[in-house]
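Notes follow the structure.
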Amino acid sequence: MKNKLIAPSLLSADFGNLQRDIEMLNHSQADWLHVDVMDGRFVPNISFGFPVMKTIQQHAKKFVDVHLMIVEPEKYVEEFIEHGADLVSVHYEACTHLHRVIHQIQNKGAKAGVVLNPATPVLLLEDIISDVDLVLLMSVNPGFGGQKFIDNTYKKISETKDLILGNNSTALIQVDGGVNLDNASRLFDAGADVLVAGNAVFSSENPEKTIELLKI
Ligand SMILES: O=C(CO)[C@H](O)[C@H](O)COP(=O)(O)O
């Protein structure tokens, strides 16, 4: 599964009307639903956990992509998969035993991704790139939606692409943070396969139309 996938982030949805927003995404051209889980320890913010994940599982008809911004993710990855996650991504910076967690996710039947913060170099992925299904490049410091895109991400996409090709890996490249209608097509051209967009989608007057335009 490659090319121009859009994953709206539910972090920017209206939690008082979560079912309505998920149904809008089901009906839209969104490819994946991106779920941001924050623990107040790895990042300076707390988002939500399993009760909200349960609602997402009940209503989502698309591929559910869970981004864990938490310490000790190995304690929770299996429960997220039981709650409907099709893909679980864990931070390089949060894993003492990254190889073990990646295989724990895959052995439970889900795809596994590794996430890099903006200041973490791509070259650190050399010994894990053949094992992962996705590399998520953070283009903002994780913890909050609606931040400004960090331009260094274009260079990191190109380095990730070289690493993937050099290792015959099939990993997808996902970019998350500050993605909008002004930078989406340049990001796809640079080699991104999946773009996460929260604020750009949910703050727009017509979220379904914005999702459509992000793919152009
Ligand atoms: O992981 C995240 C924050 O840590 C969000 O997914 C990301 O910031 C998307 O939000 P926006 O598109 O509003 O920047």
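Labels for the structure tokens follow display order: chains A, B, ..., residues from 1 in each chain, ligands from 1.
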
Do you know which residues are within 6 Å of ligand 1 using only C-alpha atoms and all ligand atoms? Can you write them as JSON, numbers by chain? {"A": [9, 36, 142, 143, 144, 145, 146, 147, 176, 177, 178, 179, 197, 198, 199, 200]}

Selection file, C-alpha atoms, as a tab-separated table (two decimals), in the first residue's frame:
```tsv
chain	number	residue	atom	x	y	z
A	9	SER	CA	-5.44	12.91	13.37
A	36	ASP	CA	-2.38	10.05	19.09
A	142	PRO	CA	5.38	15.69	19.72
A	143	GLY	CA	2.76	16.60	22.32
A	144	PHE	CA	0.44	19.11	20.69
A	145	GLY	CA	-1.52	19.63	17.50
A	146	GLY	CA	-1.46	22.87	15.52
A	147	GLN	CA	2.32	23.52	15.61
A	176	ASP	CA	3.28	14.06	11.17
A	177	GLY	CA	2.99	17.62	12.39
A	178	GLY	CA	2.15	20.92	10.72
A	179	VAL	CA	1.04	19.25	7.49
A	197	ALA	CA	-3.07	16.09	9.33
A	198	GLY	CA	-4.99	17.21	12.40
A	199	ASN	CA	-5.46	20.95	12.58
A	200	ALA	CA	-5.49	21.42	8.79
```

Neighbouring residues of Val122 (chain A) were defined as those with any atom within 8 Å, considering only C-alpha atoms; residues of the same chain fewer than 6 positions away were excluded. Please report them as a VMD selection string. chain A and resid 116 156 159 to 160

Restrict the selected residues to N, CA and C atoms and save them as a PDB file, in the first residue's frame.
```pdb
ATOM      1  N   LEU A 116      10.540   8.879  14.875  1.00  0.00           N
ATOM      2  CA  LEU A 116      11.694   9.704  15.231  1.00  0.00           C
ATOM      3  C   LEU A 116      11.263  11.128  15.537  1.00  0.00           C
ATOM      4  N   LYS A 156      15.164  14.765   6.027  1.00  0.00           N
ATOM      5  CA  LYS A 156      15.019  13.466   6.695  1.00  0.00           C
ATOM      6  C   LYS A 156      14.203  12.478   5.855  1.00  0.00           C
ATOM      7  N   GLU A 159      16.704  11.071   3.402  1.00  0.00           N
ATOM      8  CA  GLU A 159      17.620  10.120   4.062  1.00  0.00           C
ATOM      9  C   GLU A 159      16.900   8.794   4.368  1.00  0.00           C
ATOM     10  N   THR A 160      15.624   8.893   4.769  1.00  0.00           N
ATOM     11  CA  THR A 160      14.862   7.675   5.092  1.00  0.00           C
ATOM     12  C   THR A 160      14.633   6.859   3.820  1.00  0.00           C
TER      13      THR A 160
END
```

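Closest approach to Val196 (chain A) among A:Lys62, A:Lys155, A:Lys4, A:Lys161 is made by A:Lys4 (distances from only C-alpha atoms).
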
Here CA of Leu98 (chain A) and CA of Ile164 (chain A) stand apart by 17.8 Å

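Residues in contact with Glu78 (chain A) at 10 Å, where only C-alpha atoms are counted and same-chain residues fewer than 2 positions away are skipped, are listed as A:Pro73, A:Glu74, A:Lys75, A:Tyr76, A:Phe80, A:Ile81, A:Glu82, A:His83, A:Ala85, A:Val88, A:Gln104, A:Ile105, A:Gln106, A:Asn107, A:Lys108, A:Gly109, A:Ala110.
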
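With only C-alpha atoms as the atoms that count, the residue of A:His59, A:Arg41, A:Lys215, A:Arg20 with the shortest distance to Glu72 (chain A) is A:Arg41.
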
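Distances to Glu23 (chain A) were evaluated for A:Ala192, A:Ala7, A:Leu123, A:Ala60 using only C-alpha atoms, and the minimum falls at A:Ala60.
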
A straight line from CA of Val194 (chain A) to CA of Ala94 (chain A) spans 22.3 Å

Tell me which protein, DNA and RNA residues are within 7 Å of Asn141 (chain A), counting only C-alpha atoms, leaving out same-chain ones fewer than 3 positions away, and put them as a list in words. Asn117, Pro118 and Met138 of chain A

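Going from CA of Val201 (chain A) to CA of Ser12 (chain A) covers 8.3 Å.
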